[in-house]
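Undergrad: Sending over entry.tsv (TSV, C-alpha atoms).
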chain	number	residue	atom	x	y	z
A	19	MET	CA	97.00	106.44	95.73
A	20	LYS	CA	97.77	107.87	99.13
A	21	THR	CA	98.30	105.86	102.30
A	22	ARG	CA	100.86	106.24	105.06
A	23	VAL	CA	102.91	103.56	103.27
A	24	THR	CA	103.17	105.61	100.07
A	25	GLU	CA	104.05	108.72	102.08
A	26	ILE	CA	106.67	107.09	104.32
A	27	PHE	CA	108.45	105.22	101.53
A	28	GLY	CA	107.95	107.78	98.78
A	29	ILE	CA	106.21	105.40	96.37
A	30	LYS	CA	103.22	105.73	94.07
A	31	TYR	CA	101.44	102.51	95.04
A	32	PRO	CA	101.59	100.76	98.43
A	33	ILE	CA	102.94	97.53	96.97
A	34	VAL	CA	106.16	95.97	98.27
A	35	GLN	CA	108.08	93.15	96.61
A	36	GLY	CA	109.19	90.40	99.00
A	37	GLY	CA	112.82	89.55	99.72
A	38	LEU	CA	112.75	86.36	97.59
A	39	ALA	CA	115.98	84.57	98.47
A	40	TYR	CA	118.20	83.90	95.43
A	41	LEU	CA	115.76	85.79	93.17
A	42	ALA	CA	115.53	89.40	94.39
A	43	TYR	CA	118.22	91.11	92.35
A	44	ALA	CA	118.48	94.50	90.67
A	45	ASP	CA	116.45	93.63	87.56
A	46	LEU	CA	113.33	92.76	89.52
A	47	ALA	CA	113.76	95.39	92.22
A	48	ALA	CA	114.16	98.21	89.71
A	49	ALA	CA	111.17	97.02	87.67
A	50	VAL	CA	108.95	97.07	90.76
A	51	SER	CA	110.17	100.50	91.81
A	52	ASN	CA	109.76	101.87	88.28
A	53	ALA	CA	106.18	100.57	88.23
A	54	GLY	CA	105.44	102.56	91.37
A	55	GLY	CA	106.03	100.05	94.17
A	56	LEU	CA	108.96	99.34	96.47
A	57	GLY	CA	111.33	96.84	94.90
A	58	GLN	CA	113.91	95.02	97.00
A	59	ILE	CA	117.16	93.15	96.65
A	60	THR	CA	118.02	90.49	99.19
A	61	ALA	CA	121.29	90.88	101.09
A	62	ALA	CA	121.64	87.37	102.46
A	63	THR	CA	122.05	85.59	99.15
A	64	LEU	CA	124.51	88.16	97.83
A	65	ARG	CA	126.77	86.97	100.67
A	66	THR	CA	129.64	89.49	100.45
A	67	PRO	CA	129.74	93.25	101.06
A	68	GLU	CA	131.29	93.79	97.64
A	69	LYS	CA	128.47	91.98	95.82
A	70	LEU	CA	125.79	93.80	97.80
A	71	ARG	CA	127.37	97.17	97.04
A	72	GLU	CA	127.55	96.26	93.35
A	73	GLU	CA	123.87	95.22	93.30
A	74	ILE	CA	122.73	98.38	95.09
A	75	ARG	CA	124.56	100.50	92.55
A	76	LYS	CA	123.08	98.46	89.72
A	77	VAL	CA	119.57	99.19	91.03
A	78	ARG	CA	120.39	102.90	91.05
A	79	LYS	CA	121.44	102.71	87.40
A	80	LEU	CA	118.08	101.15	86.54
A	81	THR	CA	115.78	103.39	88.59
A	82	ASP	CA	115.78	106.75	90.35
A	83	ARG	CA	112.93	105.68	92.61
A	84	PRO	CA	113.03	104.33	96.19
A	85	PHE	CA	113.95	100.69	96.76
A	86	GLY	CA	114.81	98.47	99.69
A	87	VAL	CA	117.31	95.89	100.85
A	88	ASN	CA	116.00	92.81	102.66
A	89	PHE	CA	117.90	91.28	105.56
A	90	ALA	CA	116.94	87.70	106.52
A	91	ILE	CA	118.87	87.89	109.75
A	92	ALA	CA	118.04	84.48	111.23
A	93	ARG	CA	119.99	82.59	108.60
A	94	HIS	CA	123.42	84.04	109.14
A	95	ASP	CA	124.07	84.39	112.90
A	96	GLY	CA	125.44	87.92	112.79
A	97	GLN	CA	127.10	87.62	109.39
A	98	TYR	CA	124.55	90.11	108.07
A	99	LYS	CA	126.25	92.93	110.02
A	100	GLU	CA	128.92	93.57	107.38
A	101	LEU	CA	126.19	93.68	104.74
A	102	LEU	CA	124.17	96.07	106.87
A	103	GLU	CA	127.12	98.44	106.98
A	104	VAL	CA	127.20	98.51	103.18
A	105	ALA	CA	123.48	99.33	103.01
A	106	ILE	CA	124.04	102.20	105.45
A	107	GLU	CA	127.09	103.48	103.59
A	108	GLU	CA	125.17	103.40	100.33
A	109	LYS	CA	122.28	105.27	101.98
A	110	VAL	CA	119.61	102.89	100.75
A	111	PRO	CA	116.09	104.32	101.11
A	112	ALA	CA	114.61	101.35	102.98
A	113	ILE	CA	115.53	98.18	104.81
A	114	SER	CA	113.24	95.25	105.58
A	115	ILE	CA	114.00	92.71	108.27
A	116	THR	CA	112.81	89.12	108.41
A	117	GLY	CA	113.47	85.96	110.32
A	118	ALA	CA	114.58	86.89	113.85
A	119	ASN	CA	114.64	89.53	116.56
A	120	PRO	CA	115.31	92.80	114.69
A	121	GLN	CA	116.53	94.71	117.73
A	122	PRO	CA	120.26	94.67	116.80
A	123	VAL	CA	119.44	96.08	113.38
A	124	PHE	CA	117.38	98.91	114.85
A	125	GLU	CA	120.12	99.75	117.32
A	126	ARG	CA	122.60	100.13	114.45
A	127	LEU	CA	120.16	102.18	112.35
A	128	LYS	CA	119.58	104.83	115.02
A	129	GLY	CA	120.23	108.24	113.55
A	130	GLU	CA	120.26	106.97	109.98
A	131	ASP	CA	117.77	108.28	107.41
A	132	ILE	CA	116.57	104.83	106.37
A	133	ARG	CA	112.96	103.65	106.44
A	134	THR	CA	112.27	100.25	107.99
A	135	LEU	CA	109.81	97.40	107.57
A	136	VAL	CA	109.59	94.21	109.62
A	137	LEU	CA	107.93	90.99	108.48
A	138	VAL	CA	105.75	89.55	111.24
A	139	ALA	CA	103.38	86.61	111.58
A	140	GLY	CA	101.55	87.60	114.75
A	141	VAL	CA	100.43	90.41	117.03
A	142	ARG	CA	103.27	90.02	119.53
A	143	GLN	CA	105.93	90.41	116.84
A	144	ALA	CA	104.15	93.43	115.37
A	145	VAL	CA	103.93	95.19	118.73
A	146	LYS	CA	107.63	94.50	119.35
A	147	ALA	CA	108.55	95.90	115.94
A	148	GLU	CA	106.64	99.08	116.68
A	149	GLU	CA	108.37	99.42	120.05
A	150	LEU	CA	111.75	99.12	118.32
A	151	GLY	CA	110.88	101.92	115.94
A	152	ALA	CA	109.75	100.19	112.73
A	153	ASP	CA	108.09	102.48	110.20
A	154	ALA	CA	105.73	99.69	109.12
A	155	VAL	CA	105.11	95.99	109.54
A	156	MET	CA	104.29	93.39	106.90
A	157	ALA	CA	101.97	90.76	108.39
A	158	VAL	CA	102.06	87.41	106.58
A	159	GLY	CA	99.25	84.90	106.89
A	160	GLN	CA	99.69	81.13	106.66
A	161	GLU	CA	98.69	81.17	102.96
A	162	GLY	CA	102.01	82.77	102.11
A	163	GLY	CA	105.03	81.20	100.48
A	164	GLY	CA	108.39	80.76	102.14
A	165	HIS	CA	108.82	80.94	105.89
A	166	LEU	CA	105.67	81.53	107.92
A	167	GLY	CA	104.53	81.91	111.49
A	168	ARG	CA	104.06	78.90	113.75
A	169	ASP	CA	100.43	79.62	114.66
A	170	ASP	CA	98.70	78.87	111.34
A	171	ILE	CA	96.75	82.14	111.31
A	172	GLY	CA	95.18	83.06	107.98
A	173	THR	CA	95.55	86.48	106.41
A	174	MET	CA	91.85	87.32	106.77
A	175	VAL	CA	92.07	87.16	110.58
A	176	LEU	CA	95.71	88.18	111.05
A	177	ILE	CA	95.55	91.54	109.29
A	178	PRO	CA	92.75	93.16	111.32
A	179	ARG	CA	94.26	91.74	114.51
A	180	VAL	CA	97.61	93.37	113.76
A	181	VAL	CA	95.96	96.60	112.56
A	182	ASP	CA	94.07	96.82	115.85
A	183	SER	CA	97.25	96.20	117.87
A	184	VAL	CA	99.71	98.75	116.45
A	185	SER	CA	99.59	102.39	115.40
A	186	ILE	CA	102.12	102.12	112.57
A	187	PRO	CA	101.02	101.14	109.03
A	188	VAL	CA	100.42	97.47	108.27
A	189	LEU	CA	100.99	95.79	104.91
A	190	ALA	CA	99.13	92.56	104.22
A	191	SER	CA	100.98	89.52	102.89
A	192	GLY	CA	99.99	85.95	102.14
A	193	GLY	CA	97.51	84.86	99.47
A	194	ILE	CA	97.58	88.19	97.62
A	195	GLY	CA	98.36	88.27	93.91
A	196	ASP	CA	95.89	90.56	92.15
A	197	GLY	CA	93.71	93.62	92.54
A	198	ARG	CA	91.03	91.72	94.43
A	199	GLY	CA	93.52	90.78	97.13
A	200	PHE	CA	94.86	94.32	97.17
A	201	LEU	CA	91.39	95.77	97.68
A	202	ALA	CA	90.59	93.15	100.33
A	203	ALA	CA	93.75	94.05	102.23
A	204	LEU	CA	92.74	97.70	102.30
A	205	ALA	CA	89.25	96.71	103.48
A	206	LEU	CA	90.83	94.79	106.36
A	207	GLY	CA	92.62	97.92	107.50
A	208	ALA	CA	96.01	97.39	105.86
A	209	GLU	CA	97.62	100.34	104.08
A	210	GLY	CA	99.40	98.29	101.45
A	211	ILE	CA	100.48	94.81	100.45
A	212	GLU	CA	103.63	92.74	100.14
A	213	MET	CA	103.80	90.04	97.46
A	214	GLY	CA	106.43	87.39	96.88
A	215	THR	CA	105.18	84.48	94.78
A	216	ARG	CA	103.36	86.72	92.30
A	217	PHE	CA	106.59	88.57	91.48
A	218	ILE	CA	108.44	85.33	90.72
A	219	ALA	CA	106.10	84.78	87.78
A	220	THR	CA	107.10	88.00	86.02
A	221	GLN	CA	109.39	88.58	83.09
A	222	GLU	CA	111.86	90.65	85.10
A	223	CYS	CA	112.45	87.87	87.63
A	224	VAL	CA	115.20	86.72	85.30
A	225	HIS	CA	116.94	84.38	87.75
A	226	ALA	CA	113.91	82.10	88.16
A	227	SER	CA	113.98	79.09	85.84
A	228	GLU	CA	111.22	78.59	83.31
A	229	ALA	CA	110.37	75.33	85.10
A	230	TYR	CA	109.82	77.25	88.34
A	231	LYS	CA	107.63	79.86	86.68
A	232	GLU	CA	105.67	77.19	84.79
A	233	SER	CA	105.07	75.28	88.02
A	234	ILE	CA	103.61	78.43	89.57
A	235	VAL	CA	101.43	79.21	86.56
A	236	HIS	CA	100.13	75.67	86.02
A	237	SER	CA	99.51	74.69	89.64
A	238	ASN	CA	96.47	75.42	91.79
A	239	GLU	CA	95.95	76.43	95.39
A	240	THR	CA	96.17	72.84	96.65
A	241	ASP	CA	99.61	72.27	95.14
A	242	THR	CA	101.72	73.51	98.05
A	243	VAL	CA	102.87	71.84	101.26
A	244	ILE	CA	104.52	72.93	104.51
A	245	ILE	CA	108.04	71.73	105.25
A	246	LYS	CA	110.24	72.27	108.33
A	247	LYS	CA	107.26	72.46	110.68
A	248	THR	CA	108.62	69.85	113.08
A	249	ILE	CA	111.88	71.76	113.46
A	250	GLY	CA	110.13	75.02	114.29
A	251	ALA	CA	110.62	76.89	111.02
A	252	PRO	CA	107.58	76.16	108.83
A	253	GLY	CA	107.72	77.21	105.20
A	254	ARG	CA	105.40	76.72	102.24
A	255	VAL	CA	106.77	75.17	99.04
A	256	LEU	CA	105.48	73.73	95.80
A	257	LYS	CA	104.29	70.16	96.19
A	258	SER	CA	106.78	67.65	94.76
A	259	ASP	CA	108.38	64.30	95.43
A	260	PHE	CA	111.38	66.14	96.86
A	261	ALA	CA	109.19	68.08	99.29
A	262	ASP	CA	107.37	64.86	100.22
A	263	GLN	CA	110.73	63.29	101.02
A	264	ILE	CA	111.45	66.10	103.49
A	265	ILE	CA	108.03	65.74	105.10
A	266	GLN	CA	108.40	61.98	105.41
A	267	ARG	CA	111.77	62.40	107.11
A	268	GLU	CA	110.17	64.86	109.52
A	269	LYS	CA	107.44	62.34	110.34
A	270	GLU	CA	110.17	59.84	111.15
A	271	GLY	CA	111.63	62.23	113.72
A	272	ALA	CA	114.49	63.76	111.73
A	273	THR	CA	116.28	66.71	113.31
A	274	TYR	CA	117.59	69.81	111.56
A	275	GLU	CA	121.02	68.21	111.40
A	276	ASP	CA	119.47	65.20	109.68
A	277	LEU	CA	117.67	67.41	107.19
A	278	LYS	CA	120.07	70.27	106.55
A	279	ASP	CA	121.39	68.88	103.26
A	280	LEU	CA	117.82	68.61	101.93
A	281	LEU	CA	116.96	72.11	103.17
A	282	SER	CA	120.06	73.94	102.00
A	283	GLY	CA	120.21	76.90	99.69
A	284	GLN	CA	121.90	74.62	97.18
A	285	THR	CA	118.87	72.34	96.94
A	286	ASN	CA	116.61	75.37	96.69
A	287	CYS	CA	118.70	76.65	93.78
A	288	LYS	CA	118.71	73.26	92.04
A	289	PHE	CA	115.05	73.84	91.28
A	290	ILE	CA	114.63	77.60	91.11
A	291	TYR	CA	117.74	78.14	88.94
A	292	GLU	CA	118.15	74.87	87.07
A	293	GLY	CA	114.58	73.56	87.01
A	294	LYS	CA	115.59	70.23	88.61
A	295	LYS	CA	112.41	69.54	90.52
A	296	SER	CA	113.57	66.07	91.58
A	297	GLU	CA	116.69	67.53	93.23
A	298	GLY	CA	115.34	70.61	94.98
A	299	PHE	CA	112.38	72.65	96.14
A	300	GLY	CA	110.79	76.02	95.35
A	301	TRP	CA	109.04	78.34	97.77
A	302	ALA	CA	105.49	79.30	96.78
A	303	GLY	CA	102.26	80.41	98.43
A	304	GLN	CA	98.69	79.27	97.89
A	305	VAL	CA	98.24	82.28	95.64
A	306	ILE	CA	99.58	80.12	92.81
A	307	GLY	CA	95.92	79.19	92.26
A	308	LEU	CA	95.36	82.76	91.07
A	309	ILE	CA	98.44	83.08	88.85
A	310	ASN	CA	97.88	82.26	85.18
A	311	ASP	CA	100.49	84.25	83.30
A	312	VAL	CA	103.99	85.72	83.34
A	313	PRO	CA	103.53	89.44	82.64
A	314	THR	CA	106.00	92.26	82.88
A	315	VAL	CA	106.00	93.95	86.27
A	316	GLN	CA	104.42	97.05	84.74
A	317	GLU	CA	101.64	94.95	83.22
A	318	LEU	CA	101.07	93.31	86.60
A	319	PHE	CA	100.76	96.69	88.33
A	320	ASP	CA	98.41	97.98	85.66
A	321	ASP	CA	96.19	94.93	86.06
A	322	ILE	CA	96.19	95.15	89.87
A	323	MET	CA	95.11	98.78	89.81
A	324	LEU	CA	92.46	98.24	87.13
A	325	THR	CA	91.00	95.25	88.96
A	326	ALA	CA	91.03	97.15	92.25
A	327	GLU	CA	89.27	100.10	90.63
A	328	ASN	CA	86.61	97.80	89.19
A	329	GLY	CA	86.16	96.23	92.60
A	330	ARG	CA	85.78	99.63	94.23
A	331	ASN	CA	83.11	100.56	91.68
A	332	ARG	CA	81.29	97.34	92.50
A	333	PHE	CA	81.37	98.25	96.20
A	334	ASN	CA	79.91	101.66	95.38
A	335	GLU	CA	77.06	99.99	93.52
A	336	ILE	CA	76.36	97.64	96.43
A	337	PHE	CA	76.58	100.22	99.20
Represent the supplied structure as structure tokens.
TA:
Amino acid sequence: MKTRVTEIFGIKYPIVQGGLAYLAYADLAAAVSNAGGLGQITAATLRTPEKLREEIRKVRKLTDRPFGVNFAIARHDGQYKELLEVAIEEKVPAISITGANPQPVFERLKGEDIRTLVLVAGVRQAVKAEELGADAVMAVGQEGGGHLGRDDIGTMVLIPRVVDSVSIPVLASGGIGDGRGFLAALALGAEGIEMGTRFIATQECVHASEAYKESIVHSNETDTVIIKKTIGAPGRVLKSDFADQIIQREKEGATYEDLKDLLSGQTNCKFIYEGKKSEGFGWAGQVIGLINDVPTVQELFDDIMLTAENGRNRFNEIF
């Protein structure tokens, strides 16, 4: 395949793996890159410069193909800067930025030979990212898992709006998990896709508990809920009693300070690492309704491309 995304990032297929807090480590990133996409490790949950450097070098032992490092900059109030220096020193091929104003990151990256992606949830954010010098934007619709935009715009409308508003390549995210979604994204004007939830349910996502993967595989599209909406940071998670507890507290007027123990990384890890669904939560998008297995990453890529090819042939027959 050839799009501006494959050319800019030096990859075979325009498919990017999401940052996936607490899950995006070298095993998964390398598997995605080896399959032809752009795998990523997440800097924020590695926490220290030493651990990030170690993980970057581990990726390089597992693949000779391009990969990225994700920076969720909103969560750490400037603490990401030491981690960013490591990524620069290690000359990582790509950096993706999520969660806050990316301007400080772009200022530091001036003159560096590192490709950049910014996750956006609306036109204004996409235009700003282009102005700052982003190589591409990843636009996530409200179907997606994890943190979302505040405007509840679905992927079907968001992608062409963003495509029409910027000149840089757009990757579609949110509700995409197979070749049909991939082909639809291209039809909407995107030049690639980003997936998060679909990559959790793969064999190389070794840090995800079996309970987490099974919940994704055995749930349907109605089995997610939005938490944190009342505190201005909406995110989609698997439906559970624990998630319902958070939502009920929000309805009662709880502030972030009231909720922070329920929303912490520790409670997230209770479920995604240990499978304790009654003690934590797991991020997931509505695409869980389309996920029925836990393949290898290579098998997933093969299936996406075969399904997309079949869909393209169907289009040719229709038109």
Undergrad: With all atoms listed in the file counted and 8 Å as the cut-off, give the residues of region 105-183 of chain A in contact with region 19-33 of chain A, each with its shortest interatomic distance in Å and the pair that gives it, as JSON lines.
TA:
{"residue": "A:Pro111", "atom": "CA", "partner": "A:Phe27", "partner_atom": "CA", "distance": 7.7}
{"residue": "A:Ala112", "atom": "CA", "partner": "A:Phe27", "partner_atom": "CA", "distance": 7.4}
{"residue": "A:Arg133", "atom": "CA", "partner": "A:Phe27", "partner_atom": "CA", "distance": 6.8}
{"residue": "A:Asp153", "atom": "CA", "partner": "A:Ile26", "partner_atom": "CA", "distance": 7.6}
{"residue": "A:Ala154", "atom": "CA", "partner": "A:Val23", "partner_atom": "CA", "distance": 7.6}
Undergrad: Could you pull out every residue with an atom within 12 Å of (116.8, 72.6, 93.2), file coordinates, counting all atoms listed in the file, and send them as a ChimeraX atom specification?
TA: /A:40,226-227,229-230,255-256,258,260-261,279-301
Undergrad: Mind checking which residues fall within 8 Å of region 166-172 of chain A, counting all atoms listed in the file, ignoring those fewer than 6 positions away in the same chain, and posting them as a ChimeraX atom specification?
TA: /A:138-140,158-160,247,250-254
Undergrad: Please compute the CA of Ala61 (chain A)-CA of Phe89 (chain A) distance, one decimal, in Å.
TA: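 Computed distance, CA of Ala61 (chain A) to CA of Phe89 (chain A), equals 5.6 Å.
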Undergrad: A:Ile245, A:Leu41, A:Val305, A:Leu127: which is nearest Leu64 (chain A), counting all atoms listed in the file?
TA: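 Once distances to Leu64 (chain A) are computed over all atoms listed in the file, the minimum belongs to A:Leu41.
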Undergrad: Near Glu103 (chain A), within 12 Å and counting only C-alpha atoms, which residues show up once chain neighbours fewer than 5 positions away are dropped, as a PyMOL selection string?
TA: chain A and resi 61+66-68+70-71+87+89+97-98+108-110+113+123+126-127+130
Undergrad: Counting all atoms listed in the file, figure out which residue out of A:Ser185, A:Gly271, A:Lys79, A:Gly86 gets nearest to Ile59 (chain A).
TA: A:Gly86
Undergrad: Within 8 Å of Ala47 (chain A), counting all atoms listed in the file, which residues show up once you throw out same-chain ones fewer than 4 positions away? Write them as a ChimeraX atom specification, please.
TA: /A:35,42-43,51,56-59,77,85
Undergrad: So how many Å separate CA of Gly303 (chain A) and CA of Gln121 (chain A), to one decimal?
TA: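 Going from CA of Gly303 (chain A) over to CA of Gln121 (chain A), I get 27.9 Å.
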Undergrad: To one decimal in Å, tell me the separation between CA of Arg216 (chain A) and CA of Gly117 (chain A).
TA: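 These atoms are spaced 20.7 Å apart.
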Undergrad: Just checking: using only C-alpha atoms, which residue out of A:Glu335, A:Gly37, A:Asp45, A:Gly151 ends up closest to Ile115 (chain A)?
TA: A:Gly37
Undergrad: Would you please work out which residue, of A:Glu222, A:Glu125, A:Glu209, A:Glu73, is nearest to Glu317 (chain A) when using all atoms listed in the file?
TA: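 Of the candidates, the smallest distance to Glu317 (chain A) is held by A:Glu222.
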